[in-house]
Structures are given as structure tokens and as C-alpha cells.
file entry-v9.cif (mmCIF, N, CA and C atoms)
data_run
#
loop_
_atom_site.label_atom_id
_atom_site.label_comp_id
_atom_site.auth_asym_id
_atom_site.auth_seq_id
_atom_site.Cartn_x
_atom_site.Cartn_y
_atom_site.Cartn_z
N MET M 1 -8.83 -12.07 7.20
CA MET M 1 -9.92 -12.52 8.04
C MET M 1 -9.63 -12.15 9.49
N ASP M 2 -10.60 -11.59 10.14
CA ASP M 2 -10.41 -11.10 11.51
C ASP M 2 -10.14 -12.19 12.53
N ASP M 3 -10.72 -13.38 12.33
CA ASP M 3 -10.58 -14.44 13.32
C ASP M 3 -9.56 -15.51 12.94
N CYS M 4 -8.79 -15.31 11.90
CA CYS M 4 -7.83 -16.31 11.43
C CYS M 4 -6.51 -16.19 12.20
N LEU M 5 -6.14 -17.27 12.86
CA LEU M 5 -4.90 -17.31 13.63
C LEU M 5 -3.69 -16.96 12.77
N PHE M 6 -3.59 -17.56 11.58
CA PHE M 6 -2.42 -17.32 10.75
C PHE M 6 -2.40 -15.92 10.18
N CYS M 7 -3.56 -15.33 9.89
CA CYS M 7 -3.61 -13.93 9.46
C CYS M 7 -3.08 -13.03 10.57
N LYS M 8 -3.42 -13.35 11.81
CA LYS M 8 -2.95 -12.56 12.95
C LYS M 8 -1.45 -12.70 13.12
N ILE M 9 -0.91 -13.89 12.89
CA ILE M 9 0.55 -14.08 12.95
C ILE M 9 1.21 -13.28 11.84
N ALA M 10 0.67 -13.37 10.63
CA ALA M 10 1.24 -12.65 9.49
C ALA M 10 1.21 -11.14 9.70
N ALA M 11 0.20 -10.65 10.40
CA ALA M 11 0.08 -9.21 10.67
C ALA M 11 0.93 -8.77 11.86
N GLY M 12 1.51 -9.72 12.58
CA GLY M 12 2.31 -9.39 13.76
C GLY M 12 1.49 -9.19 15.02
N ASP M 13 0.21 -9.53 14.98
CA ASP M 13 -0.66 -9.36 16.13
C ASP M 13 -0.49 -10.48 17.16
N ILE M 14 -0.02 -11.64 16.71
CA ILE M 14 0.27 -12.77 17.59
C ILE M 14 1.74 -13.13 17.38
N PRO M 15 2.50 -13.27 18.46
CA PRO M 15 3.91 -13.59 18.29
C PRO M 15 4.12 -15.00 17.75
N ALA M 16 5.18 -15.16 16.99
CA ALA M 16 5.57 -16.46 16.46
C ALA M 16 7.08 -16.46 16.28
N SER M 17 7.65 -17.64 16.22
CA SER M 17 9.08 -17.78 15.97
C SER M 17 9.29 -17.75 14.45
N ILE M 18 9.59 -16.56 13.95
CA ILE M 18 9.69 -16.33 12.50
C ILE M 18 11.01 -16.89 11.96
N VAL M 19 10.90 -17.63 10.87
CA VAL M 19 12.06 -18.20 10.18
C VAL M 19 12.40 -17.38 8.95
N TYR M 20 11.36 -16.91 8.25
CA TYR M 20 11.54 -16.16 7.01
C TYR M 20 10.29 -15.31 6.81
N GLN M 21 10.47 -14.12 6.20
CA GLN M 21 9.31 -13.34 5.80
C GLN M 21 9.69 -12.37 4.69
N ASP M 22 8.71 -12.11 3.85
CA ASP M 22 8.83 -11.07 2.84
C ASP M 22 7.44 -10.46 2.66
N ASP M 23 7.23 -9.70 1.61
CA ASP M 23 5.94 -9.04 1.42
C ASP M 23 4.81 -10.00 1.07
N VAL M 24 5.15 -11.20 0.59
CA VAL M 24 4.15 -12.14 0.09
C VAL M 24 3.86 -13.27 1.07
N MET M 25 4.86 -13.69 1.84
CA MET M 25 4.72 -14.88 2.68
C MET M 25 5.51 -14.75 3.97
N ILE M 26 5.21 -15.67 4.87
CA ILE M 26 5.91 -15.73 6.15
C ILE M 26 6.06 -17.19 6.54
N ALA M 27 7.20 -17.56 7.11
CA ALA M 27 7.43 -18.91 7.61
C ALA M 27 7.73 -18.81 9.09
N PHE M 28 7.13 -19.70 9.86
CA PHE M 28 7.31 -19.70 11.31
C PHE M 28 7.23 -21.12 11.85
N GLU M 29 7.73 -21.29 13.06
CA GLU M 29 7.77 -22.62 13.68
C GLU M 29 6.38 -23.08 14.10
N ASP M 30 6.08 -24.34 13.84
CA ASP M 30 4.83 -24.94 14.29
C ASP M 30 4.87 -25.06 15.82
N ILE M 31 3.79 -24.72 16.49
CA ILE M 31 3.78 -24.79 17.96
C ILE M 31 3.58 -26.21 18.47
N ASN M 32 3.24 -27.15 17.58
CA ASN M 32 3.07 -28.55 17.96
C ASN M 32 3.85 -29.41 16.96
N PRO M 33 5.19 -29.32 17.01
CA PRO M 33 6.00 -29.96 15.97
C PRO M 33 5.89 -31.48 15.96
N LYS M 34 5.91 -32.02 14.74
CA LYS M 34 5.88 -33.46 14.52
C LYS M 34 7.26 -34.00 14.14
N ALA M 35 8.26 -33.14 14.08
CA ALA M 35 9.63 -33.50 13.74
C ALA M 35 10.54 -32.44 14.34
N PRO M 36 11.84 -32.70 14.43
CA PRO M 36 12.75 -31.68 14.97
C PRO M 36 12.67 -30.36 14.22
N VAL M 37 12.46 -30.42 12.92
CA VAL M 37 12.18 -29.21 12.14
C VAL M 37 10.74 -29.33 11.65
N HIS M 38 9.92 -28.37 12.04
CA HIS M 38 8.52 -28.34 11.59
C HIS M 38 8.14 -26.87 11.46
N THR M 39 8.29 -26.38 10.26
CA THR M 39 8.06 -24.97 9.96
C THR M 39 6.86 -24.85 9.03
N LEU M 40 6.06 -23.83 9.24
CA LEU M 40 4.90 -23.57 8.39
C LEU M 40 5.19 -22.38 7.48
N LEU M 41 4.84 -22.50 6.23
CA LEU M 41 5.01 -21.43 5.25
C LEU M 41 3.62 -21.05 4.76
N ILE M 42 3.26 -19.77 4.92
CA ILE M 42 1.92 -19.31 4.56
C ILE M 42 1.99 -18.07 3.69
N PRO M 43 0.98 -17.88 2.83
CA PRO M 43 0.87 -16.59 2.16
C PRO M 43 0.32 -15.58 3.16
N ARG M 44 0.73 -14.34 3.04
CA ARG M 44 0.17 -13.30 3.91
C ARG M 44 -1.32 -13.08 3.61
N GLN M 45 -1.67 -13.17 2.34
CA GLN M 45 -3.07 -13.02 1.96
C GLN M 45 -3.82 -14.30 2.35
N HIS M 46 -5.04 -14.15 2.83
CA HIS M 46 -5.81 -15.29 3.29
C HIS M 46 -6.42 -16.08 2.13
N TYR M 47 -6.12 -17.37 2.12
CA TYR M 47 -6.80 -18.36 1.29
C TYR M 47 -7.10 -19.52 2.22
N HIS M 48 -8.32 -20.04 2.16
CA HIS M 48 -8.69 -21.13 3.07
C HIS M 48 -7.84 -22.38 2.81
N ASN M 49 -7.77 -22.80 1.56
CA ASN M 49 -7.03 -24.01 1.21
C ASN M 49 -6.82 -24.04 -0.30
N LEU M 50 -6.34 -25.16 -0.80
CA LEU M 50 -6.03 -25.26 -2.23
C LEU M 50 -7.26 -25.18 -3.13
N SER M 51 -8.45 -25.30 -2.55
CA SER M 51 -9.68 -25.20 -3.35
C SER M 51 -10.04 -23.76 -3.68
N ASP M 52 -9.43 -22.80 -2.99
CA ASP M 52 -9.66 -21.40 -3.32
C ASP M 52 -9.00 -21.07 -4.66
N GLU M 53 -9.40 -19.99 -5.26
CA GLU M 53 -8.79 -19.57 -6.52
C GLU M 53 -7.49 -18.83 -6.23
N ILE M 54 -6.44 -19.60 -6.05
CA ILE M 54 -5.13 -19.05 -5.72
C ILE M 54 -4.37 -18.83 -7.02
N PRO M 55 -3.84 -17.64 -7.23
CA PRO M 55 -3.06 -17.40 -8.45
C PRO M 55 -1.88 -18.37 -8.57
N ALA M 56 -1.70 -18.92 -9.76
CA ALA M 56 -0.61 -19.87 -9.99
C ALA M 56 0.74 -19.26 -9.63
N GLU M 57 0.90 -17.98 -9.88
CA GLU M 57 2.16 -17.30 -9.55
C GLU M 57 2.44 -17.36 -8.05
N LEU M 58 1.42 -17.16 -7.23
CA LEU M 58 1.59 -17.22 -5.78
C LEU M 58 1.95 -18.64 -5.34
N LEU M 59 1.26 -19.64 -5.88
CA LEU M 59 1.60 -21.02 -5.53
C LEU M 59 3.04 -21.33 -5.91
N GLY M 60 3.45 -20.87 -7.08
CA GLY M 60 4.83 -21.07 -7.50
C GLY M 60 5.82 -20.41 -6.56
N GLU M 61 5.52 -19.19 -6.13
CA GLU M 61 6.41 -18.49 -5.19
C GLU M 61 6.50 -19.24 -3.86
N LEU M 62 5.36 -19.71 -3.36
CA LEU M 62 5.37 -20.44 -2.09
C LEU M 62 6.21 -21.71 -2.19
N PHE M 63 5.95 -22.51 -3.20
CA PHE M 63 6.70 -23.76 -3.32
C PHE M 63 8.17 -23.53 -3.64
N ALA M 64 8.49 -22.46 -4.38
CA ALA M 64 9.90 -22.14 -4.65
C ALA M 64 10.62 -21.74 -3.37
N LYS M 65 9.91 -21.18 -2.41
CA LYS M 65 10.53 -20.72 -1.17
C LYS M 65 10.74 -21.84 -0.16
N VAL M 66 10.16 -23.01 -0.41
CA VAL M 66 10.36 -24.15 0.50
C VAL M 66 11.85 -24.45 0.67
N HIS M 67 12.61 -24.43 -0.43
CA HIS M 67 14.05 -24.72 -0.33
C HIS M 67 14.76 -23.69 0.54
N THR M 68 14.37 -22.44 0.44
CA THR M 68 14.96 -21.39 1.29
C THR M 68 14.70 -21.68 2.76
N VAL M 69 13.46 -22.05 3.07
CA VAL M 69 13.12 -22.39 4.46
C VAL M 69 13.95 -23.59 4.92
N ALA M 70 14.05 -24.62 4.07
CA ALA M 70 14.86 -25.79 4.42
C ALA M 70 16.32 -25.40 4.66
N ALA M 71 16.85 -24.51 3.83
CA ALA M 71 18.23 -24.06 4.00
C ALA M 71 18.40 -23.28 5.31
N LEU M 72 17.44 -22.42 5.62
CA LEU M 72 17.52 -21.64 6.86
C LEU M 72 17.45 -22.54 8.09
N LYS M 73 16.77 -23.67 7.96
CA LYS M 73 16.64 -24.61 9.06
C LYS M 73 17.76 -25.66 9.06
N GLY M 74 18.64 -25.61 8.05
CA GLY M 74 19.79 -26.51 8.01
C GLY M 74 19.47 -27.92 7.53
N ILE M 75 18.37 -28.09 6.80
CA ILE M 75 18.01 -29.43 6.33
C ILE M 75 17.98 -29.54 4.81
N GLU M 76 18.48 -28.53 4.11
CA GLU M 76 18.40 -28.55 2.65
C GLU M 76 19.23 -29.65 2.02
N GLU M 77 20.28 -30.09 2.70
CA GLU M 77 21.13 -31.15 2.15
C GLU M 77 20.71 -32.54 2.62
N SER M 78 19.84 -32.59 3.61
CA SER M 78 19.35 -33.88 4.08
C SER M 78 17.95 -34.10 3.51
N VAL M 79 17.17 -34.82 4.23
CA VAL M 79 15.82 -35.11 3.75
C VAL M 79 14.82 -34.15 4.40
N TYR M 80 13.85 -33.76 3.64
CA TYR M 80 12.72 -33.04 4.22
C TYR M 80 11.46 -33.39 3.44
N ARG M 81 10.34 -33.19 4.08
CA ARG M 81 9.04 -33.48 3.48
C ARG M 81 8.20 -32.22 3.54
N ILE M 82 7.42 -32.02 2.50
CA ILE M 82 6.45 -30.93 2.53
C ILE M 82 5.05 -31.55 2.43
N ILE M 83 4.14 -30.96 3.18
CA ILE M 83 2.76 -31.46 3.22
C ILE M 83 1.82 -30.27 3.17
N VAL M 84 0.78 -30.39 2.37
CA VAL M 84 -0.30 -29.42 2.35
C VAL M 84 -1.60 -30.18 2.57
N ASN M 85 -2.23 -29.94 3.70
CA ASN M 85 -3.55 -30.50 3.96
C ASN M 85 -4.56 -29.49 3.44
N SER M 86 -5.53 -29.97 2.67
CA SER M 86 -6.49 -29.05 2.06
C SER M 86 -7.91 -29.43 2.46
N GLY M 87 -8.41 -28.76 3.48
CA GLY M 87 -9.77 -28.99 3.95
C GLY M 87 -9.83 -29.76 5.25
N VAL M 88 -10.95 -29.67 5.90
CA VAL M 88 -11.15 -30.27 7.22
C VAL M 88 -10.96 -31.78 7.19
N ASP M 89 -11.50 -32.46 6.19
CA ASP M 89 -11.36 -33.92 6.12
C ASP M 89 -9.92 -34.36 5.90
N ALA M 90 -9.07 -33.47 5.43
CA ALA M 90 -7.64 -33.76 5.27
C ALA M 90 -6.87 -33.39 6.53
N ARG M 91 -7.59 -33.02 7.60
CA ARG M 91 -7.02 -32.65 8.90
C ARG M 91 -6.35 -31.29 8.87
N GLN M 92 -6.83 -30.39 8.02
CA GLN M 92 -6.34 -29.02 8.04
C GLN M 92 -7.02 -28.32 9.21
N LEU M 93 -6.25 -28.08 10.27
CA LEU M 93 -6.83 -27.52 11.49
C LEU M 93 -7.01 -26.01 11.42
N VAL M 94 -6.09 -25.30 10.80
CA VAL M 94 -6.21 -23.86 10.62
C VAL M 94 -6.59 -23.62 9.17
N GLN M 95 -7.72 -22.97 8.97
CA GLN M 95 -8.26 -22.78 7.63
C GLN M 95 -7.61 -21.57 6.94
N HIS M 96 -6.30 -21.65 6.79
CA HIS M 96 -5.49 -20.69 6.05
C HIS M 96 -4.44 -21.54 5.35
N LEU M 97 -4.35 -21.43 4.04
CA LEU M 97 -3.41 -22.25 3.28
C LEU M 97 -2.04 -22.22 3.94
N HIS M 98 -1.45 -23.40 4.15
CA HIS M 98 -0.10 -23.46 4.70
C HIS M 98 0.61 -24.73 4.25
N ILE M 99 1.92 -24.61 4.14
CA ILE M 99 2.78 -25.72 3.75
C ILE M 99 3.59 -26.11 4.98
N HIS M 100 3.54 -27.38 5.34
CA HIS M 100 4.38 -27.91 6.42
C HIS M 100 5.73 -28.30 5.80
N VAL M 101 6.82 -27.86 6.40
CA VAL M 101 8.16 -28.28 6.02
C VAL M 101 8.71 -29.06 7.21
N LEU M 102 8.90 -30.37 7.04
CA LEU M 102 9.33 -31.24 8.13
C LEU M 102 10.66 -31.88 7.79
N GLY M 103 11.51 -32.03 8.81
CA GLY M 103 12.79 -32.68 8.61
C GLY M 103 13.57 -32.77 9.90
N GLY M 104 14.86 -33.04 9.75
CA GLY M 104 15.73 -33.15 10.92
C GLY M 104 15.75 -34.53 11.51
N MET M 105 15.15 -35.51 10.82
CA MET M 105 15.13 -36.89 11.28
C MET M 105 14.78 -37.78 10.09
N THR M 106 14.94 -39.07 10.27
CA THR M 106 14.44 -40.00 9.26
C THR M 106 12.93 -40.01 9.39
N LEU M 107 12.26 -39.58 8.37
CA LEU M 107 10.81 -39.45 8.43
C LEU M 107 10.14 -40.80 8.18
N PRO M 108 9.12 -41.11 8.96
CA PRO M 108 8.45 -42.41 8.80
C PRO M 108 7.66 -42.48 7.50
N ILE M 109 7.49 -43.68 7.02
CA ILE M 109 6.61 -43.90 5.88
C ILE M 109 5.20 -43.80 6.41
N SER M 110 4.42 -42.93 5.81
CA SER M 110 3.05 -42.74 6.26
C SER M 110 2.25 -42.11 5.15
N ALA M 111 1.00 -41.86 5.44
CA ALA M 111 0.15 -41.16 4.47
C ALA M 111 0.55 -39.70 4.36
N GLY M 112 1.45 -39.27 5.26
CA GLY M 112 1.98 -37.91 5.17
C GLY M 112 1.13 -36.86 5.83
N THR M 113 0.15 -37.24 6.64
CA THR M 113 -0.69 -36.23 7.25
C THR M 113 -0.08 -35.72 8.55
N VAL M 114 -0.29 -34.48 8.78
CA VAL M 114 0.06 -33.84 10.05
C VAL M 114 -1.12 -32.97 10.41
N ASP M 115 -1.29 -32.73 11.69
CA ASP M 115 -2.39 -31.88 12.13
C ASP M 115 -2.07 -30.44 11.84
#
call {"tool": "encode", "arguments": {"input": "entry-v9.cif", "output": "C-alpha cells"}}
result
Amino acid sequence: MDDCLFCKIAAGDIPASIVYQDDVMIAFEDINPKAPVHTLLIPRQHYHNLSDEIPAELLGELFAKVHTVAALKGIEESVYRIIVNSGVDARQLVQHLHIHVLGGMTLPISAGTVD
């Protein structure tokens, strides 16, 4: 999508602090972190949210890579939380599927939403 912020980051058109990347996905630091570690993991291909017809294989690859991102950020042995907001009413601000990986602190008990 031409106007998608995350598509532009994935294409290298907008700079980001890259944590991990391969041909299928890219992980980068959230610009408005809610925890000491707040990394976003996105597919390079554009999907609005979980309501899109996302191949199960791709979802599996994304979720399998969460541990790699946690390890790269040094939180794999401690606690971390993953969150996927799906749709505007769930407070998904960027309409490109993304997984929040949060950690580096004792995480509060909450509904688990992040912007």
C-alpha cells in the first residue's frame, strides 16, 4: 500500500531502528514505547489486521519469530508479553498487521492494549 507507514518502513523508505529482518518479516523499535523493550514485528506483505485472509503459514512464521526478537532484545529468559490489536476499535493505530513484543520490566495487569 502506497500510504502505509509500516509498508514504507519494510521497504526501507522510512528509517527505523531495525532489530531483525528477513524476506518475510521485519522487526523494529516502536517510536512510542510502552515498556523498556517495545518492538514491533510485521510481515513485509501488507495485511490490514487479523481479519484479512492471512495464510496460516505466515502467521506461524510471525509468531515463531517472537522468541527470536525477545532473544535479540535480551528478554527471552525473563518475562515478555505479545499483543496484537486487530482493528480500529481494538486501538490498532497503524492498519498493517503487527505484533507488539513488550518486556524489560514487570508488566502491569491490564487488558493488554497498547496504542
call {"tool": "closest_atom_pairs", "arguments": {"input": "entry-v9.cif", "of": "stretch 1-43 of chain M", "to": "stretch 55-66 of chain M", "cutoff": "8 Å", "atoms": "all atoms listed in the file", "output": "JSON lines"}}
result
{"residue": "M:Val24", "atom": "C", "partner": "M:Leu62", "partner_atom": "N", "distance": 8.0}
{"residue": "M:Met25", "atom": "CA", "partner": "M:Leu62", "partner_atom": "CA", "distance": 7.4}
{"residue": "M:Leu41", "atom": "C", "partner": "M:Leu62", "partner_atom": "CA", "distance": 7.1}
{"residue": "M:Ile42", "atom": "C", "partner": "M:Leu62", "partner_atom": "CA", "distance": 7.1}
{"residue": "M:Pro43", "atom": "N", "partner": "M:Leu62", "partner_atom": "CA", "distance": 7.1}
call {"tool": "residues_around", "arguments": {"input": "entry-v9.cif", "residues": "M:Gln45", "least_positions_apart": "4", "cutoff": "8 Å", "atoms": "all atoms listed in the file", "output": "PyMOL selection string"}}
result
chain M and resi 1+7+10+23-26+96-97
call {"tool": "resolve_selection", "arguments": {"input": "entry-v9.cif", "expression": "the PyMOL selection byres ((chain M and resi 49) around 6)", "output": "list of chain:residue names"}}
result
M:Tyr47, M:His48, M:Leu50, M:Ser51, M:Asp52, M:Ser86, M:Gly87, M:Gln95, M:His96, M:Leu97
call {"tool": "atom_distance", "arguments": {"input": "entry-v9.cif", "atom1": "atom CA of M:Glu77", "atom2": "atom CA of M:Gly104"}}
result
10.5 Å
call {"tool": "atom_distance", "arguments": {"input": "entry-v9.cif", "atom1": "atom C of M:Ser78", "atom2": "atom C of M:Ile99"}}
result
16.5 Å
call {"tool": "atom_distance", "arguments": {"input": "entry-v9.cif", "atom1": "atom CA of M:Arg44", "atom2": "atom CA of M:Ile9"}}
result
9.1 Å
call {"tool": "closest_residue", "arguments": {"input": "entry-v9.cif", "among": "M:Val101, M:Ala71, M:Ala35, M:Ile18", "to": "M:Val84", "atoms": "only C-alpha atoms"}}
result
M:Val101
call {"tool": "axis_aligned_box", "arguments": {"input": "entry-v9.cif", "around": "stretch 6-19 of chain M", "padding_each_side": "8 Å", "output": "JSON"}}
result
{"center_x": 4.4, "center_y": -13.5, "center_z": 13.7, "size_x": 32.0, "size_y": 25.4, "size_z": 25.5}
call {"tool": "resolve_selection", "arguments": {"input": "entry-v9.cif", "expression": "the PyMOL selection byres (((chain M and resi 30 and name CA) around 12) and name CA)", "output": "list in words"}}
result
Phe6, Ile9, Ala16, Ser17, Ile18, Val19, Ala27, Phe28, Glu29, Ile31, Asn32, Pro33, Lys34, Ala35, Pro36, Val37, His38, Thr39, Leu40, Leu41, Ile42, Val94, His98, Ile99, His100, Val101, Leu102, Val114 and Asp115 of chain M
call {"tool": "write_last_selection", "arguments": {"input": "entry-v9.cif", "atoms": "N, CA and C atoms", "output": "short mmCIF file (atom, residue, chain, number, x, y, z; two decimals), in the frame of the given file"}}
result
data_model
loop_
_atom_site.label_atom_id
_atom_site.label_comp_id
_atom_site.auth_asym_id
_atom_site.auth_seq_id
_atom_site.Cartn_x
_atom_site.Cartn_y
_atom_site.Cartn_z
N PHE M 6 -3.59 -17.56 11.58
CA PHE M 6 -2.42 -17.32 10.75
C PHE M 6 -2.40 -15.92 10.18
N ILE M 9 -0.91 -13.89 12.89
CA ILE M 9 0.55 -14.08 12.95
C ILE M 9 1.21 -13.28 11.84
N ALA M 16 5.18 -15.16 16.99
CA ALA M 16 5.57 -16.46 16.46
C ALA M 16 7.08 -16.46 16.28
N SER M 17 7.65 -17.64 16.22
CA SER M 17 9.08 -17.78 15.97
C SER M 17 9.29 -17.75 14.45
N ILE M 18 9.59 -16.56 13.95
CA ILE M 18 9.69 -16.33 12.50
C ILE M 18 11.01 -16.89 11.96
N VAL M 19 10.90 -17.63 10.87
CA VAL M 19 12.06 -18.20 10.18
C VAL M 19 12.40 -17.38 8.95
N ALA M 27 7.20 -17.56 7.11
CA ALA M 27 7.43 -18.91 7.61
C ALA M 27 7.73 -18.81 9.09
N PHE M 28 7.13 -19.70 9.86
CA PHE M 28 7.31 -19.70 11.31
C PHE M 28 7.23 -21.12 11.85
N GLU M 29 7.73 -21.29 13.06
CA GLU M 29 7.77 -22.62 13.68
C GLU M 29 6.38 -23.08 14.10
N ILE M 31 3.79 -24.72 16.49
CA ILE M 31 3.78 -24.79 17.96
C ILE M 31 3.58 -26.21 18.47
N ASN M 32 3.24 -27.15 17.58
CA ASN M 32 3.07 -28.55 17.96
C ASN M 32 3.85 -29.41 16.96
N PRO M 33 5.19 -29.32 17.01
CA PRO M 33 6.00 -29.96 15.97
C PRO M 33 5.89 -31.48 15.96
N LYS M 34 5.91 -32.02 14.74
CA LYS M 34 5.88 -33.46 14.52
C LYS M 34 7.26 -34.00 14.14
N ALA M 35 8.26 -33.14 14.08
CA ALA M 35 9.63 -33.50 13.74
C ALA M 35 10.54 -32.44 14.34
N PRO M 36 11.84 -32.70 14.43
CA PRO M 36 12.75 -31.68 14.97
C PRO M 36 12.67 -30.36 14.22
N VAL M 37 12.46 -30.42 12.92
CA VAL M 37 12.18 -29.21 12.14
C VAL M 37 10.74 -29.33 11.65
N HIS M 38 9.92 -28.37 12.04
CA HIS M 38 8.52 -28.34 11.59
C HIS M 38 8.14 -26.87 11.46
N THR M 39 8.29 -26.38 10.26
CA THR M 39 8.06 -24.97 9.96
C THR M 39 6.86 -24.85 9.03
N LEU M 40 6.06 -23.83 9.24
CA LEU M 40 4.90 -23.57 8.39
C LEU M 40 5.19 -22.38 7.48
N LEU M 41 4.84 -22.50 6.23
CA LEU M 41 5.01 -21.43 5.25
C LEU M 41 3.62 -21.05 4.76
N ILE M 42 3.26 -19.77 4.92
CA ILE M 42 1.92 -19.31 4.56
C ILE M 42 1.99 -18.07 3.69
N VAL M 94 -6.09 -25.30 10.80
CA VAL M 94 -6.21 -23.86 10.62
C VAL M 94 -6.59 -23.62 9.17
N HIS M 98 -1.45 -23.40 4.15
CA HIS M 98 -0.10 -23.46 4.70
C HIS M 98 0.61 -24.73 4.25
N ILE M 99 1.92 -24.61 4.14
CA ILE M 99 2.78 -25.72 3.75
C ILE M 99 3.59 -26.11 4.98
N HIS M 100 3.54 -27.38 5.34
CA HIS M 100 4.38 -27.91 6.42
C HIS M 100 5.73 -28.30 5.80
N VAL M 101 6.82 -27.86 6.40
CA VAL M 101 8.16 -28.28 6.02
C VAL M 101 8.71 -29.06 7.21
N LEU M 102 8.90 -30.37 7.04
CA LEU M 102 9.33 -31.24 8.13
C LEU M 102 10.66 -31.88 7.79
N VAL M 114 -0.29 -34.48 8.78
CA VAL M 114 0.06 -33.84 10.05
C VAL M 114 -1.12 -32.97 10.41
N ASP M 115 -1.29 -32.73 11.69
CA ASP M 115 -2.39 -31.88 12.13
C ASP M 115 -2.07 -30.44 11.84
#
